[in-house]
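Report on the following structure.
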Amino acid sequence: MTAEKRKEGSFLSGLLRNQIFIPIAALLLLAVFNLLADPSFFEVRLGYNNAGSPVLSGYLITIIDCGTELAILAIGMTLVTAASKGQDISVGAAIAISGSVLLRILCGTESRPESLHAPIIVAFLISCLVAMAFGAFNGVLVAFFRIQPMVATLILFTAGRSIAAWINNNELPIVTDETFAWFGNYIPGIPIPTPVFIGIAFFILTWALLKFTNLGLYVQSVGINEQTSRLNGLNPEIIKLGTYVLLGLCVAVAGFIKVSRLSTINYSVVAKDIEMDAILAVALGGNSLSGGKFNMKTSVLGAYVIQFLTTTLYKFNVKSDALSAYKAVVVILLVVLSAPVVREKISELFRKLTASGKADAKA
């Protein structure tokens, strides 16, 4: 009996210290809440869209579909946070810029062109280059000029949406080509949203990059101790710059999906506050916001948990203006629970409970 309680206590203590505990616990809490409040939340229906193609619908499909963009951004934000010990708050504005560039290439100077002015793949690649260039701009300020990340990215956060509007002369171009809308919605004949496939492909590429290169090790080394990494032959400035460039690529992919959903863009609204959700996803994944070690899988899971929370709030008719207040409560809880001292206190409590159980067994 004593051995069993000792094993149970060590298991609970280890579980609390595991990085994936917080996002899994949050996911379970949301799932149980929705199951008790309205079991229909988990229904997945097969229907048909206006074009007569079969499509899957339901809250779970919405979570997987809309959460993809946030999960892609969380990947880049995790790397930036780990290497630079700070966060990029300009990703929403950068999405507006990359989306505006995408529409400029596809539509030219016309508001509603009858045909595309360039292939979609060409427009996408150019938008990637532009987003990566703006990411490099942020990276240079952080890595070489030693500006705190949030202050450095505040420049683009402030000016980004104005730049996006200027690119298209304050007009809102609309792509009339149906094939462009496939990337943000459904491919005819396939009932699963296309962003899901884009997300899977991006996740596999990220996994391969971290698995078969030393990028993850270099990023963690710079984030843990920049001077030591320099003595070991690494260039911290280049590594930090590289993470911001990679975040720029994530921004371009997320922007491509968002613009494709509506075949147009609203510069002031698109990806509004998404940078806060991306940062929250990193924190919810148990990653330290002060840099160092990271777990990409938990960040991606954290992104889908955030989307789960957002979808739940919308289902219960919470106004969009109030979403930030609810998420602020989540941030406070996460910061408290993620603090090493709090985790240690909880683990110590479980150890005391285990020791008390041992004493009772002996008595």
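Please note that chains go A, B, ... in the order of the structure tokens, that every chain numbers its residues from 1, and that ligands are numbered from 1 in the order shown.
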
Contacts of range 158-165 of chain A within 9 Å, only C-alpha atoms, excl. fewer than 4 positions in-chain, as a PyMOL selection string
chain A and resi 90+92-101+153-154+169-172+266-268

Could those residues be written to a file, using C-alpha atoms, as a PDB file, in the first residue's frame?
ATOM      1  CA  SER A  90       3.527  43.150 -35.011  1.00  0.00           C
ATOM      2  CA  GLY A  92      -1.208  41.086 -37.079  1.00  0.00           C
ATOM      3  CA  ALA A  93      -0.020  44.190 -38.938  1.00  0.00           C
ATOM      4  CA  ALA A  94       2.470  42.067 -40.889  1.00  0.00           C
ATOM      5  CA  ILE A  95      -0.375  39.783 -41.990  1.00  0.00           C
ATOM      6  CA  ALA A  96      -2.193  42.866 -43.303  1.00  0.00           C
ATOM      7  CA  ILE A  97       0.930  43.843 -45.273  1.00  0.00           C
ATOM      8  CA  SER A  98       1.562  40.389 -46.751  1.00  0.00           C
ATOM      9  CA  GLY A  99      -2.122  40.030 -47.636  1.00  0.00           C
ATOM     10  CA  SER A 100      -2.140  43.442 -49.283  1.00  0.00           C
ATOM     11  CA  VAL A 101       0.950  42.535 -51.330  1.00  0.00           C
ATOM     12  CA  THR A 153       8.161  45.416 -33.099  1.00  0.00           C
ATOM     13  CA  LEU A 154       5.985  48.264 -31.847  1.00  0.00           C
ATOM     14  CA  ASN A 169      -4.061  52.900 -52.543  1.00  0.00           C
ATOM     15  CA  ASN A 170      -6.589  52.464 -49.715  1.00  0.00           C
ATOM     16  CA  GLU A 171      -8.765  50.304 -51.970  1.00  0.00           C
ATOM     17  CA  LEU A 172     -10.093  46.839 -51.111  1.00  0.00           C
ATOM     18  CA  ASN A 266      -9.922  44.764 -44.571  1.00  0.00           C
ATOM     19  CA  TYR A 267      -6.700  46.388 -43.433  1.00  0.00           C
ATOM     20  CA  SER A 268      -7.954  47.586 -40.056  1.00  0.00           C
TER      21      SER A 268
END

Of the candidates A:Gly67, A:Gly52, A:Gly76, A:Pro119, which shows the shortest atom-to-atom distance to Thr310 in chain A, using only C-alpha atoms?
A:Gly67

What does the distance from CA of Ala26 in chain A to CA of Gly286 in chain A come to in Å, to one decimal?
11.7 Å

As a PyMOL selection string, which residues of range 108-356 of chain A does DSSP assign to helix (DSSP H, G or I)?
chain A and resi 120-143+149-167+178-182+194-212+215-224+226-231+236-262+274-284+296-315+320-338+340-356

Within 12 Å of Gly223 in chain A, counting only C-alpha atoms, which residues show up once you throw out same-chain ones fewer than 5 positions away? Write them as a compact mmCIF listing (two decimals) with N, CA and C atoms, in the first residue's frame, please.
# COMPACT_ATOMS: atom_id res chain seq x y z
N THR A 78 7.12 30.97 -31.08
CA THR A 78 7.88 30.14 -30.13
C THR A 78 9.37 30.30 -30.35
N LEU A 79 9.79 30.25 -31.61
CA LEU A 79 11.22 30.40 -31.93
C LEU A 79 11.73 31.79 -31.55
N VAL A 80 10.94 32.81 -31.86
CA VAL A 80 11.33 34.19 -31.53
C VAL A 80 11.44 34.37 -30.02
N THR A 81 10.47 33.85 -29.30
CA THR A 81 10.48 33.97 -27.84
C THR A 81 11.67 33.25 -27.24
N ALA A 82 11.94 32.05 -27.73
CA ALA A 82 13.03 31.25 -27.18
C ALA A 82 14.39 31.90 -27.41
N ALA A 83 14.60 32.50 -28.59
CA ALA A 83 15.91 33.05 -28.93
C ALA A 83 16.10 34.47 -28.40
N SER A 84 15.07 35.32 -28.51
CA SER A 84 15.24 36.74 -28.18
C SER A 84 14.72 37.13 -26.80
N LYS A 85 14.09 36.17 -26.10
CA LYS A 85 13.55 36.43 -24.77
C LYS A 85 12.50 37.53 -24.79
N GLY A 86 11.77 37.61 -25.88
CA GLY A 86 10.72 38.60 -26.03
C GLY A 86 9.76 38.18 -27.12
N GLY A 216 16.87 24.05 -33.55
CA GLY A 216 16.27 24.06 -32.22
C GLY A 216 17.32 24.17 -31.12
N LEU A 217 18.40 23.42 -31.28
CA LEU A 217 19.48 23.45 -30.29
C LEU A 217 20.14 24.83 -30.24
N TYR A 218 20.37 25.42 -31.40
CA TYR A 218 21.00 26.74 -31.46
C TYR A 218 20.10 27.80 -30.82
N THR A 228 27.59 32.24 -23.49
CA THR A 228 28.11 30.87 -23.59
C THR A 228 27.98 30.34 -25.00
N SER A 229 26.85 30.61 -25.64
CA SER A 229 26.65 30.15 -27.02
C SER A 229 27.67 30.79 -27.96
N ARG A 230 28.03 32.05 -27.68
CA ARG A 230 29.04 32.72 -28.50
C ARG A 230 30.41 32.05 -28.33
N LEU A 234 28.75 29.92 -31.82
CA LEU A 234 27.50 30.36 -32.43
C LEU A 234 27.49 31.88 -32.57
N PRO A 236 24.93 34.62 -32.01
CA PRO A 236 23.58 34.88 -31.48
C PRO A 236 22.78 35.86 -32.32
N GLU A 237 23.45 36.87 -32.88
CA GLU A 237 22.73 37.87 -33.68
C GLU A 237 22.09 37.24 -34.92
N ILE A 239 21.32 34.08 -35.35
CA ILE A 239 20.27 33.13 -34.95
C ILE A 239 18.99 33.87 -34.59
N LYS A 240 19.11 34.97 -33.85
CA LYS A 240 17.92 35.78 -33.53
C LYS A 240 17.28 36.32 -34.80
N THR A 243 15.27 33.69 -36.59
CA THR A 243 13.96 33.36 -36.02
C THR A 243 12.90 34.37 -36.44
N SER A 288 8.53 29.17 -21.50
CA SER A 288 8.89 30.37 -20.76
C SER A 288 8.92 31.57 -21.70
N LEU A 289 8.26 32.65 -21.32
CA LEU A 289 8.25 33.87 -22.12
C LEU A 289 9.55 34.65 -21.97
N SER A 290 10.44 34.16 -21.12
CA SER A 290 11.76 34.79 -20.95
C SER A 290 12.84 34.05 -21.72
N GLY A 291 12.44 33.18 -22.65
CA GLY A 291 13.39 32.53 -23.54
C GLY A 291 13.95 31.22 -23.02
N GLY A 292 14.79 30.61 -23.86
CA GLY A 292 15.42 29.35 -23.46
C GLY A 292 14.74 28.15 -24.08
N LYS A 293 14.58 27.09 -23.31
CA LYS A 293 14.01 25.84 -23.82
C LYS A 293 12.58 26.04 -24.28
N PHE A 294 12.21 25.27 -25.30
CA PHE A 294 10.84 25.37 -25.81
C PHE A 294 10.36 24.01 -26.27

Can you pull out every residue within 9 Å of Arg261 in chain A, counting only C-alpha atoms, but drop anything in the same chain fewer than 5 positions away, and send it as an NGL selection string?
:A and (180-185 or 256)

Write to file, as a PDB file, in the first residue's frame, the residues of the selection just made, with C-alpha atoms.
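This is the output file selection-v1.pdb:
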ATOM      1  CA  PHE A 180      -8.087  31.470 -55.110  1.00  0.00           C
ATOM      2  CA  ALA A 181     -10.900  30.964 -52.574  1.00  0.00           C
ATOM      3  CA  TRP A 182     -10.154  27.234 -52.428  1.00  0.00           C
ATOM      4  CA  PHE A 183      -7.062  27.793 -50.264  1.00  0.00           C
ATOM      5  CA  GLY A 184      -9.021  29.415 -47.446  1.00  0.00           C
ATOM      6  CA  ASN A 185     -12.219  27.398 -47.738  1.00  0.00           C
ATOM      7  CA  PHE A 256      -2.472  33.835 -47.447  1.00  0.00           C
TER       8      PHE A 256
END

All residues 12 Å or closer to Asn138 in chain A, only C-alpha atoms, same chain fewer than 4 positions away omitted, as a ChimeraX atom specification
/A:80,84,86-91,94,131-134,142-157,240-248

Save the residues we just selected, C-alpha atoms, as an mmCIF file, in the first residue's frame?
data_model
loop_
_atom_site.group_PDB
_atom_site.id
_atom_site.type_symbol
_atom_site.label_atom_id
_atom_site.label_comp_id
_atom_site.auth_asym_id
_atom_site.auth_seq_id
_atom_site.Cartn_x
_atom_site.Cartn_y
_atom_site.Cartn_z
ATOM 1 C CA VAL A 80 11.332 34.193 -31.530
ATOM 2 C CA SER A 84 15.241 36.736 -28.178
ATOM 3 C CA GLY A 86 10.718 38.602 -26.030
ATOM 4 C CA GLN A 87 7.689 38.593 -28.310
ATOM 5 C CA ASP A 88 6.793 40.086 -31.678
ATOM 6 C CA ILE A 89 3.609 42.144 -31.336
ATOM 7 C CA SER A 90 3.527 43.150 -35.011
ATOM 8 C CA VAL A 91 2.374 39.871 -36.595
ATOM 9 C CA ALA A 94 2.470 42.067 -40.889
ATOM 10 C CA ALA A 131 6.833 39.297 -44.934
ATOM 11 C CA MET A 132 10.286 37.798 -44.355
ATOM 12 C CA ALA A 133 11.866 41.173 -45.179
ATOM 13 C CA PHE A 134 9.731 42.894 -42.541
ATOM 14 C CA VAL A 142 16.433 43.221 -31.806
ATOM 15 C CA ALA A 143 19.650 41.359 -32.621
ATOM 16 C CA PHE A 144 22.036 44.092 -33.726
ATOM 17 C CA PHE A 145 20.632 47.248 -32.129
ATOM 18 C CA ARG A 146 19.754 45.455 -28.877
ATOM 19 C CA ILE A 147 16.254 46.936 -28.726
ATOM 20 C CA GLN A 148 13.815 45.077 -26.505
ATOM 21 C CA PRO A 149 11.604 42.903 -28.815
ATOM 22 C CA MET A 150 8.248 44.418 -27.878
ATOM 23 C CA VAL A 151 9.618 47.938 -28.366
ATOM 24 C CA ALA A 152 11.292 47.042 -31.666
ATOM 25 C CA THR A 153 8.161 45.416 -33.099
ATOM 26 C CA LEU A 154 5.985 48.264 -31.847
ATOM 27 C CA ILE A 155 7.163 50.236 -34.904
ATOM 28 C CA LEU A 156 5.576 47.818 -37.356
ATOM 29 C CA PHE A 157 2.618 47.266 -35.032
ATOM 30 C CA LYS A 240 17.922 35.780 -33.528
ATOM 31 C CA LEU A 241 17.610 37.370 -36.949
ATOM 32 C CA GLY A 242 16.829 33.955 -38.445
ATOM 33 C CA THR A 243 13.959 33.358 -36.022
ATOM 34 C CA TYR A 244 12.332 36.655 -36.984
ATOM 35 C CA VAL A 245 12.697 35.789 -40.665
ATOM 36 C CA LEU A 246 11.067 32.400 -40.026
ATOM 37 C CA LEU A 247 8.258 34.151 -38.164
ATOM 38 C CA GLY A 248 7.843 36.327 -41.263
#

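Separating CA of Leu102 in chain A from CA of Phe124 in chain A is a distance of 6.1 Å.
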
Which residue gives the smallest distance to Thr62 in chain A among A:Leu205, A:Ala37, A:Ile121, A:Leu309, with only C-alpha atoms counted?
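With only C-alpha atoms as the atom set, the closest residue is A:Leu309.
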